[in-house]
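**Q** The file below is my_file.csv, CSV, C-alpha atoms and all ligand atoms:
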```
chain,number,residue,atom,x,y,z
A,1,MET,CA,133.9,119.4,172.7
A,2,ALA,CA,133.7,120.6,169.1
A,3,GLY,CA,132.0,124.0,168.9
A,4,ARG,CA,132.0,124.9,172.5
A,5,ARG,CA,133.4,128.4,172.7
A,6,VAL,CA,133.8,129.0,176.4
A,7,THR,CA,135.7,126.4,178.4
A,8,ALA,CA,134.8,125.8,182.0
A,9,SER,CA,138.3,126.9,183.1
A,10,SER,CA,138.0,130.2,181.2
A,11,VAL,CA,134.7,130.9,182.9
A,12,ALA,CA,136.2,130.1,186.3
A,13,HIS,CA,138.9,132.7,185.9
A,14,GLN,CA,138.5,136.4,186.5
A,15,GLY,CA,138.1,138.6,183.4
A,16,PRO,CA,136.3,138.0,180.1
A,17,PRO,CA,136.3,134.4,178.9
A,18,GLN,CA,138.3,133.4,175.8
A,19,VAL,CA,135.8,133.3,173.0
A,20,VAL,CA,136.4,132.3,169.5
A,21,SER,CA,134.8,134.5,166.8
A,22,MET,CA,131.6,133.2,165.1
A,23,LYS,CA,133.4,133.5,161.8
A,24,LYS,CA,136.2,131.3,162.9
A,25,LEU,CA,133.9,128.8,164.6
A,26,THR,CA,131.6,128.4,161.6
A,27,GLU,CA,134.4,128.3,159.0
A,28,SER,CA,137.0,126.1,160.7
A,29,SER,CA,135.0,123.3,162.2
A,30,GLY,CA,132.5,122.6,159.3
A,31,LEU,CA,129.9,123.0,162.0
A,32,THR,CA,126.7,121.0,161.3
A,33,PHE,CA,124.8,121.9,164.5
A,34,VAL,CA,124.3,124.8,166.8
A,35,PRO,CA,126.5,124.4,169.9
A,36,PRO,CA,124.5,124.3,173.2
A,37,THR,CA,126.1,127.7,174.1
A,38,HIS,CA,124.2,129.3,171.3
A,39,ILE,CA,120.7,127.8,171.6
A,40,PHE,CA,118.1,130.3,172.5
A,41,THR,CA,115.4,128.6,174.6
A,42,THR,CA,113.8,131.5,176.4
A,43,ASP,CA,111.4,134.2,175.4
A,44,GLY,CA,113.6,135.5,172.7
A,45,SER,CA,113.4,132.1,171.0
A,46,VAL,CA,113.9,132.1,167.4
A,47,SER,CA,110.9,130.4,166.2
A,48,THR,CA,110.0,132.5,163.1
A,49,THR,CA,106.5,131.0,163.2
A,50,ASP,CA,105.5,132.7,166.4
A,51,GLY,CA,103.2,135.1,164.6
A,52,SER,CA,105.9,136.6,162.5
A,53,VAL,CA,105.0,138.0,159.1
A,54,PRO,CA,107.6,136.7,156.6
A,55,GLU,CA,108.0,139.8,154.4
A,56,SER,CA,106.9,143.3,154.2
A,57,PRO,CA,104.6,144.6,152.2
A,58,SER,CA,104.0,145.1,155.9
A,59,GLY,CA,103.2,148.8,155.8
A,60,ILE,CA,106.6,149.7,157.3
A,61,PRO,CA,106.7,153.5,157.0
A,62,VAL,CA,108.9,155.1,154.4
A,63,ILE,CA,110.2,158.6,154.9
A,64,ASN,CA,111.3,160.5,151.8
A,65,PHE,CA,114.3,162.5,152.9
A,66,SER,CA,114.3,164.9,150.0
A,67,SER,CA,110.7,166.0,151.0
A,68,LEU,CA,111.9,166.7,154.5
A,69,THR,CA,114.1,169.4,153.0
A,70,SER,CA,111.5,170.8,150.6
A,71,SER,CA,108.1,172.5,150.7
A,72,GLN,CA,106.6,169.1,151.3
A,73,ARG,CA,108.2,169.1,154.8
A,74,SER,CA,105.0,169.2,156.8
A,75,VAL,CA,103.6,166.1,155.1
A,76,GLU,CA,106.8,164.3,155.9
A,77,VAL,CA,106.8,165.5,159.5
A,78,GLU,CA,103.4,164.0,159.9
A,79,LYS,CA,104.6,160.7,158.4
A,80,LEU,CA,107.5,160.8,160.9
A,81,ALA,CA,105.0,161.3,163.8
A,82,GLN,CA,103.0,158.3,162.7
A,83,ALA,CA,106.1,156.2,162.1
A,84,CYS,CA,107.5,157.0,165.6
A,85,ARG,CA,104.2,156.5,167.3
A,86,ASP,CA,103.0,153.3,165.5
A,87,TRP,CA,106.3,151.5,164.8
A,88,GLY,CA,109.3,153.2,166.3
A,89,PHE,CA,110.9,152.2,163.0
A,90,PHE,CA,111.0,153.5,159.4
A,91,LEU,CA,112.9,153.5,156.2
A,92,VAL,CA,114.6,156.6,154.9
A,93,VAL,CA,114.9,156.9,151.1
A,94,ASN,CA,116.3,159.6,148.8
A,95,HIS,CA,118.9,160.6,151.4
A,96,GLY,CA,121.5,161.6,148.9
A,97,ILE,CA,124.3,159.2,150.0
A,98,GLU,CA,125.4,157.4,146.9
A,99,GLU,CA,125.1,153.6,146.7
A,100,ASN,CA,128.8,153.2,145.8
A,101,ILE,CA,129.8,154.9,149.1
A,102,VAL,CA,127.5,152.6,151.1
A,103,ASP,CA,128.9,149.6,149.1
A,104,GLY,CA,132.4,150.8,149.9
A,105,MET,CA,131.6,150.8,153.6
A,106,LEU,CA,130.2,147.3,153.5
A,107,ASP,CA,133.3,146.2,151.6
A,108,GLY,CA,135.6,147.7,154.2
A,109,VAL,CA,133.7,145.9,156.9
A,110,ARG,CA,133.9,142.6,155.0
A,111,GLN,CA,137.7,143.1,154.7
A,112,PHE,CA,138.0,143.7,158.4
A,113,PHE,CA,136.2,140.6,159.4
A,114,ASN,CA,138.3,138.6,156.9
A,115,LEU,CA,141.5,139.6,158.7
A,116,ALA,CA,143.4,136.9,160.6
A,117,GLU,CA,142.0,136.3,164.0
A,118,GLU,CA,145.3,137.4,165.6
A,119,GLU,CA,145.0,140.8,163.8
A,120,LYS,CA,141.4,141.3,164.9
A,121,GLN,CA,142.3,140.4,168.5
A,122,GLN,CA,144.4,143.5,168.9
A,123,PHE,CA,141.1,145.4,168.8
A,124,GLU,CA,139.4,143.2,171.3
A,125,GLY,CA,138.0,145.8,173.7
A,126,LYS,CA,137.1,145.1,177.3
A,127,HIS,CA,135.1,148.2,178.3
A,128,VAL,CA,132.0,149.8,176.8
A,129,LEU,CA,133.9,153.1,176.6
A,130,ASP,CA,136.9,151.7,174.7
A,131,PRO,CA,136.7,153.6,171.4
A,132,ILE,CA,137.5,150.6,169.2
A,133,ARG,CA,136.2,147.3,170.2
A,134,CYS,CA,135.6,144.0,168.4
A,135,GLY,CA,134.2,140.8,169.7
A,136,THR,CA,131.4,138.3,169.6
A,137,SER,CA,127.9,138.3,171.0
A,138,PHE,CA,127.3,141.3,173.3
A,139,ASN,CA,128.9,140.9,176.7
A,140,VAL,CA,130.3,137.4,177.0
A,141,SER,CA,131.1,137.8,180.6
A,142,VAL,CA,127.5,137.9,181.7
A,143,GLU,CA,125.7,136.0,178.9
A,144,LYS,CA,124.2,132.6,179.4
A,145,CYS,CA,123.6,132.2,175.7
A,146,PHE,CA,125.7,133.7,172.9
A,147,PHE,CA,124.5,135.5,169.8
A,148,TRP,CA,125.4,134.3,166.3
A,149,ARG,CA,127.3,137.5,165.6
A,150,ASP,CA,130.7,139.1,165.5
A,151,TYR,CA,131.0,142.9,165.8
A,152,LEU,CA,133.3,145.8,165.4
A,153,LYS,CA,132.3,149.0,167.3
A,154,VAL,CA,134.2,152.3,166.6
A,155,PHE,CA,133.4,155.7,168.1
A,156,VAL,CA,133.1,158.2,165.3
A,157,HIS,CA,131.9,161.3,167.1
A,158,PRO,CA,132.7,163.7,168.8
A,159,HIS,CA,136.2,162.0,168.2
A,160,PHE,CA,136.8,160.0,165.1
A,161,HIS,CA,138.6,156.8,165.7
A,162,PHE,CA,139.0,155.2,162.2
A,163,PRO,CA,142.3,155.8,160.4
A,164,HIS,CA,140.6,158.0,157.9
A,165,ILE,CA,137.2,159.6,157.2
A,166,PRO,CA,135.3,158.0,154.3
A,167,SER,CA,134.3,161.0,152.1
A,168,GLY,CA,130.7,161.3,151.3
A,169,PHE,CA,129.3,159.2,154.2
A,170,ARG,CA,127.2,161.9,155.7
A,171,VAL,CA,124.8,159.9,157.8
A,172,ARG,CA,125.2,162.2,160.7
A,173,GLU,CA,123.8,165.1,158.7
A,174,VAL,CA,120.9,162.9,157.5
A,175,ALA,CA,120.2,162.0,161.1
A,176,ARG,CA,120.2,165.6,162.1
A,177,VAL,CA,117.5,166.5,159.6
A,178,VAL,CA,115.4,163.6,160.6
A,179,LEU,CA,115.8,164.6,164.3
A,180,THR,CA,114.6,168.1,163.6
A,181,GLY,CA,111.6,166.6,161.8
A,182,ILE,CA,110.9,164.3,164.9
A,183,SER,CA,111.2,167.3,167.2
A,184,GLU,CA,108.6,169.2,165.2
A,185,SER,CA,106.4,166.1,165.1
A,186,LEU,CA,106.3,166.3,168.9
A,187,GLY,CA,105.1,169.9,168.7
A,188,LEU,CA,108.5,171.1,169.8
A,189,GLU,CA,110.8,173.7,168.2
A,190,PRO,CA,112.7,172.0,165.3
A,191,ASN,CA,116.0,172.4,167.1
A,192,CYS,CA,114.7,171.4,170.6
A,193,LEU,CA,115.9,167.7,170.5
A,194,GLU,CA,119.1,168.7,168.9
A,195,GLU,CA,119.8,171.1,171.7
A,196,ALA,CA,118.7,168.6,174.4
A,197,LEU,CA,121.1,166.1,172.9
A,198,ASP,CA,124.0,168.5,172.6
A,199,TYR,CA,124.2,167.3,169.0
A,200,ASP,CA,127.5,169.0,168.2
A,201,ALA,CA,129.1,166.8,170.9
A,202,ALA,CA,126.8,163.9,170.3
A,203,PHE,CA,128.0,160.4,170.8
A,204,GLN,CA,128.0,158.4,167.6
A,205,ILE,CA,129.1,154.8,167.2
A,206,PHE,CA,129.7,152.8,164.1
A,207,ILE,CA,128.7,149.2,164.7
A,208,ALA,CA,129.5,146.6,162.1
A,209,ASN,CA,127.8,143.2,162.5
A,210,LEU,CA,128.7,139.9,160.8
A,211,TYR,CA,126.2,137.0,160.9
A,212,PRO,CA,127.7,133.9,159.3
A,213,PRO,CA,125.5,131.2,157.9
A,214,CYS,CA,124.0,129.0,160.7
A,215,PRO,CA,123.4,125.2,160.2
A,216,GLN,CA,120.2,125.3,162.3
A,217,PRO,CA,118.9,128.9,162.0
A,218,GLU,CA,115.7,128.1,164.0
A,219,LEU,CA,117.8,127.5,167.1
A,220,ALA,CA,120.1,130.6,167.1
A,221,LEU,CA,119.7,134.4,167.0
A,222,GLY,CA,122.0,137.0,165.5
A,223,MET,CA,120.7,139.4,168.2
A,224,PRO,CA,117.9,138.7,170.7
A,225,PRO,CA,115.0,141.1,171.1
A,226,HIS,CA,116.3,144.5,172.4
A,227,SER,CA,115.9,148.2,172.0
A,228,ASP,CA,118.8,150.5,171.1
A,229,HIS,CA,120.3,152.7,173.8
A,230,GLY,CA,120.6,155.9,171.8
A,231,CYS,CA,118.1,158.1,169.9
A,232,LEU,CA,118.2,157.0,166.3
A,233,THR,CA,120.1,154.1,164.8
A,234,PHE,CA,120.6,154.3,161.0
A,235,LEU,CA,121.3,150.9,159.5
A,236,ILE,CA,122.4,149.5,156.2
A,237,GLN,CA,122.8,145.9,155.2
A,238,ASN,CA,124.4,143.8,152.4
A,239,GLY,CA,121.1,142.9,150.7
A,240,ILE,CA,120.6,139.9,153.0
A,241,GLN,CA,117.5,140.1,155.3
A,242,GLY,CA,117.5,139.3,158.9
A,243,LEU,CA,116.3,142.3,160.9
A,244,GLN,CA,112.8,141.8,162.4
A,245,VAL,CA,110.9,144.5,164.2
A,246,LEU,CA,108.1,143.9,166.8
A,247,HIS,CA,104.9,145.5,165.6
A,248,ASN,CA,101.6,145.0,167.4
A,249,GLY,CA,102.9,141.8,168.9
A,250,ASN,CA,104.2,140.3,165.6
A,251,TRP,CA,107.7,140.0,164.3
A,252,VAL,CA,107.9,141.8,160.9
A,253,THR,CA,110.8,140.9,158.7
A,254,VAL,CA,112.2,144.1,157.2
A,255,SER,CA,112.8,144.1,153.5
A,256,ALA,CA,114.1,147.4,152.2
A,257,PRO,CA,115.0,148.8,148.9
A,258,GLN,CA,118.7,148.9,148.1
A,259,ASN,CA,120.3,152.1,149.6
A,260,ALA,CA,117.5,152.8,152.1
A,261,PHE,CA,118.4,153.4,155.7
A,262,LEU,CA,116.6,151.3,158.2
A,263,VAL,CA,116.0,153.5,161.2
A,264,ASN,CA,115.2,152.4,164.8
A,265,THR,CA,114.1,154.8,167.4
A,266,GLY,CA,116.0,154.2,170.7
A,267,ASP,CA,115.6,154.6,174.4
A,268,GLN,CA,116.8,158.2,174.7
A,269,LEU,CA,114.2,159.3,172.3
A,270,GLU,CA,111.5,157.5,174.3
A,271,ILE,CA,112.8,159.3,177.5
A,272,MET,CA,112.9,162.7,175.9
A,273,SER,CA,109.5,162.3,174.3
A,274,ASN,CA,108.2,161.3,177.7
A,275,GLY,CA,107.0,158.0,176.3
A,276,ARG,CA,105.1,159.3,173.3
A,277,TYR,CA,107.5,157.6,171.0
A,278,LYS,CA,108.4,154.2,172.3
A,279,SER,CA,111.8,152.7,171.4
A,280,ASN,CA,111.4,149.9,169.0
A,281,VAL,CA,112.1,146.3,169.9
A,282,HIS,CA,113.9,144.4,167.2
A,283,ARG,CA,115.9,141.2,166.8
A,284,VAL,CA,118.1,139.6,164.1
A,285,VAL,CA,117.4,136.1,162.7
A,286,VAL,CA,120.1,134.1,160.9
A,287,ASN,CA,119.9,131.9,157.8
A,288,SER,CA,121.7,128.8,156.6
A,289,LYS,CA,123.0,130.1,153.3
A,290,ALA,CA,124.5,133.6,153.3
A,291,THR,CA,126.6,135.8,155.5
A,292,ARG,CA,124.7,138.9,156.5
A,293,ILE,CA,126.6,142.1,157.2
A,294,SER,CA,125.0,145.2,158.6
A,295,ILE,CA,126.3,148.6,159.7
A,296,ALA,CA,124.4,150.4,162.4
A,297,VAL,CA,125.3,154.0,163.1
A,298,ALA,CA,123.9,154.8,166.5
A,299,HIS,CA,123.2,158.5,167.3
A,300,GLY,CA,122.8,159.4,170.9
A,301,PRO,CA,123.2,162.5,173.1
A,302,SER,CA,126.7,163.6,174.2
A,303,LEU,CA,128.0,161.2,176.9
A,304,GLU,CA,127.8,163.9,179.5
A,305,THR,CA,124.1,164.8,178.8
A,306,VAL,CA,121.7,164.1,181.6
A,307,VAL,CA,118.7,162.9,179.6
A,308,GLN,CA,115.1,163.5,180.8
A,309,PRO,CA,111.7,164.1,179.4
A,310,ALA,CA,111.4,167.4,177.5
A,311,ALA,CA,109.8,170.0,179.9
A,312,GLU,CA,107.2,170.8,177.2
A,313,LEU,CA,106.0,167.2,177.3
A,314,VAL,CA,105.5,167.0,181.0
A,315,ASP,CA,102.4,168.4,182.7
A,316,ALA,CA,102.2,166.8,186.1
A,317,GLU,CA,99.2,168.9,187.2
A,318,ASN,CA,97.1,167.6,184.3
A,319,GLY,CA,98.0,163.9,184.8
A,320,ASN,CA,101.1,163.8,182.6
A,321,PRO,CA,104.1,163.5,185.0
A,322,ALA,CA,107.6,162.7,183.9
A,323,GLY,CA,107.7,158.9,183.2
A,324,TYR,CA,111.4,158.5,183.5
A,325,LYS,CA,114.1,159.4,185.9
A,326,PRO,CA,116.9,161.6,184.7
A,327,MET,CA,120.1,159.7,183.9
A,328,GLN,CA,123.4,160.7,182.3
A,329,TYR,CA,123.8,159.0,178.9
A,330,LYS,CA,127.2,157.6,179.8
A,331,GLU,CA,125.7,155.9,182.9
A,332,TYR,CA,122.9,154.5,180.8
A,333,LEU,CA,125.3,153.0,178.3
A,334,GLN,CA,127.3,151.3,181.1
A,335,LEU,CA,124.1,150.0,182.7
A,336,GLN,CA,123.0,148.4,179.4
A,337,GLN,CA,126.4,147.0,178.7
A,338,SER,CA,126.9,145.4,182.1
A,339,ASN,CA,123.8,143.3,181.8
A,340,GLN,CA,122.4,140.8,179.3
A,341,LEU,CA,120.8,142.5,176.3
A,342,ASP,CA,117.2,141.7,177.1
A,343,GLY,CA,114.2,143.6,175.6
A,344,LYS,CA,113.7,146.9,177.3
A,345,SER,CA,115.0,145.8,180.7
A,346,CYS,CA,117.5,148.7,180.9
A,347,LEU,CA,114.8,151.3,180.2
A,348,ASP,CA,112.5,149.6,182.7
A,349,ARG,CA,115.0,150.5,185.5
A,350,ILE,CA,114.5,154.2,185.1
A,351,ARG,CA,110.8,154.3,184.6
A,352,VAL,CA,109.1,156.3,187.4
B,401,LIG,O1,122.0,143.8,162.1
B,401,LIG,C1,120.9,144.3,162.3
B,401,LIG,O2,120.0,144.4,161.4
B,401,LIG,C2,120.5,145.0,163.6
B,401,LIG,C3,121.7,145.2,164.5
B,401,LIG,C4,121.2,145.8,165.8
B,401,LIG,O3,120.1,145.7,166.2
B,401,LIG,C5,122.2,146.5,166.6
B,401,LIG,O4,123.4,146.5,166.3
B,401,LIG,O5,121.8,147.1,167.7
B,402,FE,FE,119.7,147.1,167.8
```
I'd like the structure from this file rewritten - as structure tokens, please.
**A**
Amino acid sequence: MAGRRVTASSVAHQGPPQVVSMKKLTESSGLTFVPPTHIFTTDGSVSTTDGSVPESPSGIPVINFSSLTSSQRSVEVEKLAQACRDWGFFLVVNHGIEENIVDGMLDGVRQFFNLAEEEKQQFEGKHVLDPIRCGTSFNVSVEKCFFWRDYLKVFVHPHFHFPHIPSGFRVREVARVVLTGISESLGLEPNCLEEALDYDAAFQIFIANLYPPCPQPELALGMPPHSDHGCLTFLIQNGIQGLQVLHNGNWVTVSAPQNAFLVNTGDQLEIMSNGRYKSNVHRVVVNSKATRISIAVAHGPSLETVVQPAAELVDAENGNPAGYKPMQYKEYLQLQQSNQLDGKSCLDRIRV
């Protein structure tokens, strides 16, 4: 059947099913409908009319990075506190990474996805800890419904797995400064979170996402509602919207100025803050006209770190016990990857 991506026989065999990339599927077959394998019918359903706000001016918080490194720091730290508490999401502007560098990264990603399928297949990873891995959806061996998305994931810290380091892309340093601000905003020492994460050995993944045009965008999702596993995810996009964040029960479409970072707070930050800062739930909707590309750089603790609420934020005697069980970050990653990506179901497993 045209458009079906997983054959019955491939599912029946052991190992991951043979899945065609979204790019190939949409380009080669002149697809005019969403295959049944890609229709979201459950809670994550696409309907953009379920209370979603079409555009920001939504009040999405904006953090001025240059103020974080100036005498205005305390004002910006307070803005970070509000952003993390009320949204779990914010934009970072004036971060000093030039637009042509960001454009170069997006171009490189476009070129990668334009490679012949056979060339990309050599990077098809099987395991969450494979340092270079490309594929489709999230984990096709457990999913009932596939996302309208191809991805490339490359570990970039503590070991760098690209052939060469792009000069000037200093997102790790930007993330470090934001993290110290967040640490302070929790009433902790500025370097407390950095130390808890073992930042010098921190696990950082570069994730490129490609969302081709979809003939029936109301039926498919680029990514269903989920929270990110790490601490902070810094995201750039090719000027095409698609990211929506859940805020007070509404889906808010993120529109961001060119060259802003879109920042999600993740599960490890929720754990370390003992629930004061909830990881943000977000999803990606698709459209019928343009290919969207995003690059998410996820910053987590080192893989060996056992993450738990910061001792300063736990006070069991006064009714504020630890809300999460300690878990090694590597185990957490494996837990998330071995299940369907589904809201905050992974975090729910370690709540006390
Ligand atoms: O493409 C986007 O805007 C979001 C991607 C995302 O949520 C992710 O890679 O975890
Ligand atoms: Fe995400």
**Q** Record the distance separating atom CA of A:Ser66 and atom CA of A:Val297, expressed in Å with one decimal.
**A** 20.3 Å
**Q** May I have the protein, DNA and RNA residues with an atom at most 10 Å from (126.1, 129.6, 159.0), counting all atoms listed in the file in the file's coordinates, returned as a list in words?
**A** Met22, Lys23, Leu25, Thr26, Glu27, Gly30, Leu31, Thr32, Phe33, Val34, Trp148, Tyr211, Pro212, Pro213, Cys214, Pro215, Gln216, Pro217, Val286, Asn287, Ser288, Lys289, Ala290, Thr291 and Arg292 of chain A
**Q** Could you take the residues named above and write them with C-alpha atoms, as a PDB file, in the coordinates of the input?
**A**
```pdb
ATOM      1  CA  MET A  22     131.600 133.200 165.100  1.00  0.00           C
ATOM      2  CA  LYS A  23     133.400 133.500 161.800  1.00  0.00           C
ATOM      3  CA  LEU A  25     133.900 128.800 164.600  1.00  0.00           C
ATOM      4  CA  THR A  26     131.600 128.400 161.600  1.00  0.00           C
ATOM      5  CA  GLU A  27     134.400 128.300 159.000  1.00  0.00           C
ATOM      6  CA  GLY A  30     132.500 122.600 159.300  1.00  0.00           C
ATOM      7  CA  LEU A  31     129.900 123.000 162.000  1.00  0.00           C
ATOM      8  CA  THR A  32     126.700 121.000 161.300  1.00  0.00           C
ATOM      9  CA  PHE A  33     124.800 121.900 164.500  1.00  0.00           C
ATOM     10  CA  VAL A  34     124.300 124.800 166.800  1.00  0.00           C
ATOM     11  CA  TRP A 148     125.400 134.300 166.300  1.00  0.00           C
ATOM     12  CA  TYR A 211     126.200 137.000 160.900  1.00  0.00           C
ATOM     13  CA  PRO A 212     127.700 133.900 159.300  1.00  0.00           C
ATOM     14  CA  PRO A 213     125.500 131.200 157.900  1.00  0.00           C
ATOM     15  CA  CYS A 214     124.000 129.000 160.700  1.00  0.00           C
ATOM     16  CA  PRO A 215     123.400 125.200 160.200  1.00  0.00           C
ATOM     17  CA  GLN A 216     120.200 125.300 162.300  1.00  0.00           C
ATOM     18  CA  PRO A 217     118.900 128.900 162.000  1.00  0.00           C
ATOM     19  CA  VAL A 286     120.100 134.100 160.900  1.00  0.00           C
ATOM     20  CA  ASN A 287     119.900 131.900 157.800  1.00  0.00           C
ATOM     21  CA  SER A 288     121.700 128.800 156.600  1.00  0.00           C
ATOM     22  CA  LYS A 289     123.000 130.100 153.300  1.00  0.00           C
ATOM     23  CA  ALA A 290     124.500 133.600 153.300  1.00  0.00           C
ATOM     24  CA  THR A 291     126.600 135.800 155.500  1.00  0.00           C
ATOM     25  CA  ARG A 292     124.700 138.900 156.500  1.00  0.00           C
TER      26      ARG A 292
END
```
**Q** So which residues touch A:Thr305 within 9 Å, counting all atoms listed in the file, skipping near sequence neighbours fewer than 4 positions away, as a ChimeraX atom specification?
**A** /A:196-198,202,301,327-330
**Q** Once you have the residues from the selection above, write them out as an mmCIF file, keeping the file's coordinate frame, restricted to C-alpha atoms.
**A**
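Below is the file out36.cif, written as the result:
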```cif
data_model
loop_
_atom_site.group_PDB
_atom_site.id
_atom_site.type_symbol
_atom_site.label_atom_id
_atom_site.label_comp_id
_atom_site.auth_asym_id
_atom_site.auth_seq_id
_atom_site.Cartn_x
_atom_site.Cartn_y
_atom_site.Cartn_z
ATOM 1 C CA ALA A 196 118.700 168.600 174.400
ATOM 2 C CA LEU A 197 121.100 166.100 172.900
ATOM 3 C CA ASP A 198 124.000 168.500 172.600
ATOM 4 C CA ALA A 202 126.800 163.900 170.300
ATOM 5 C CA PRO A 301 123.200 162.500 173.100
ATOM 6 C CA MET A 327 120.100 159.700 183.900
ATOM 7 C CA GLN A 328 123.400 160.700 182.300
ATOM 8 C CA TYR A 329 123.800 159.000 178.900
ATOM 9 C CA LYS A 330 127.200 157.600 179.800
#
```
**Q** Could you name the residues that touch A:His127 at 10 Å or less, counting all atoms listed in the file, but leaving out those on the same chain fewer than 4 positions away, as a ChimeraX atom specification?
**A** /A:131-133,139,334,337-338
**Q** Find the residues around stretch 275-284 of chain A up to 8 Å (all atoms listed in the file counted), leave out those fewer than 2 positions away in its own chain, and share them as a ChimeraX atom specification.
**A** /A:84-85,87-89,221-228,242-246,264-267,269-273,286,323,343-344
**Q** What is the atom CA of A:His299 to atom CA of A:His157 distance in Å?
**A**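 That distance, rounded to one decimal, is 9.1 Å.
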**Q** Atom CA of A:Gln241 to atom CA of A:Asp103: how many Å, to one decimal?
**A** 16.1 Å
**Q** Need to verify the contact set: A:Tyr151, 6 Å, only C-alpha atoms, exclusion of same-chain residues closer than 5 positions in sequence. Can you return it as a ChimeraX atom specification?
**A** /A:134-136,208-209
**Q** What's around stretch 182-192 of chain A at 9 Å? Count all atoms listed in the file, leave out sequence neighbours fewer than 4 positions away in its own chain, and write the answer as number ranges by chain.
**A** A: 74, 77-82, 84, 177-178, 196-197, 273, 276, 310, 312-313
**Q** Name the closest residue to A:Leu219 among the candidates A:Pro36, A:Gly59, A:Gly249, A:Pro158; distances are taken between atoms, counting only C-alpha atoms.
**A**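 Among A:Pro36, A:Gly59, A:Gly249, A:Pro158, it is A:Pro36 that comes nearest to A:Leu219.
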**Q** Of the candidates A:Thr37, A:Gln308, A:Ser21, A:Asn238, which shows the shortest atom-to-atom distance to A:Gln268, using only C-alpha atoms?
**A**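 Closest to A:Gln268, using only C-alpha atoms: A:Gln308.
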**Q** Nearest residue to A:Phe112 out of A:Leu152, A:Leu179, A:Ile236, A:Ile295, using only C-alpha atoms?
**A**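 Closest to A:Phe112 of all the choices is A:Leu152.
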**Q** Using all atoms listed in the file, which residue out of A:Leu333, A:Val93, A:Ile293, A:Val254 lies closest to A:Phe113?
**A**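 Counting all atoms listed in the file, the residue closest to A:Phe113 is A:Ile293.
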**Q** Is it possible to get the residues within 6 Å of (119.9, 158.7, 166.2) (coordinates as in the file, counting all atoms listed in the file) written as a VMD selection string?
**A** chain A and resid 231 to 233 298 to 300
**Q** My list of candidates is A:Met105, A:Ala296, A:Val285, A:Ile39. Which is closest to ligand LIG 401 (chain B) when distances are computed with all atoms listed in the file?
**A**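 Among the listed residues, the smallest separation from ligand LIG 401 (chain B) belongs to A:Ala296.
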**Q** Taking all atoms listed in the file into account, name the residue in A:Tyr332, A:Lys24, A:His95, A:Gly181 that is nearest to A:Leu210.
**A**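 Looking at the shortest contact to A:Leu210, the residue is A:Lys24.
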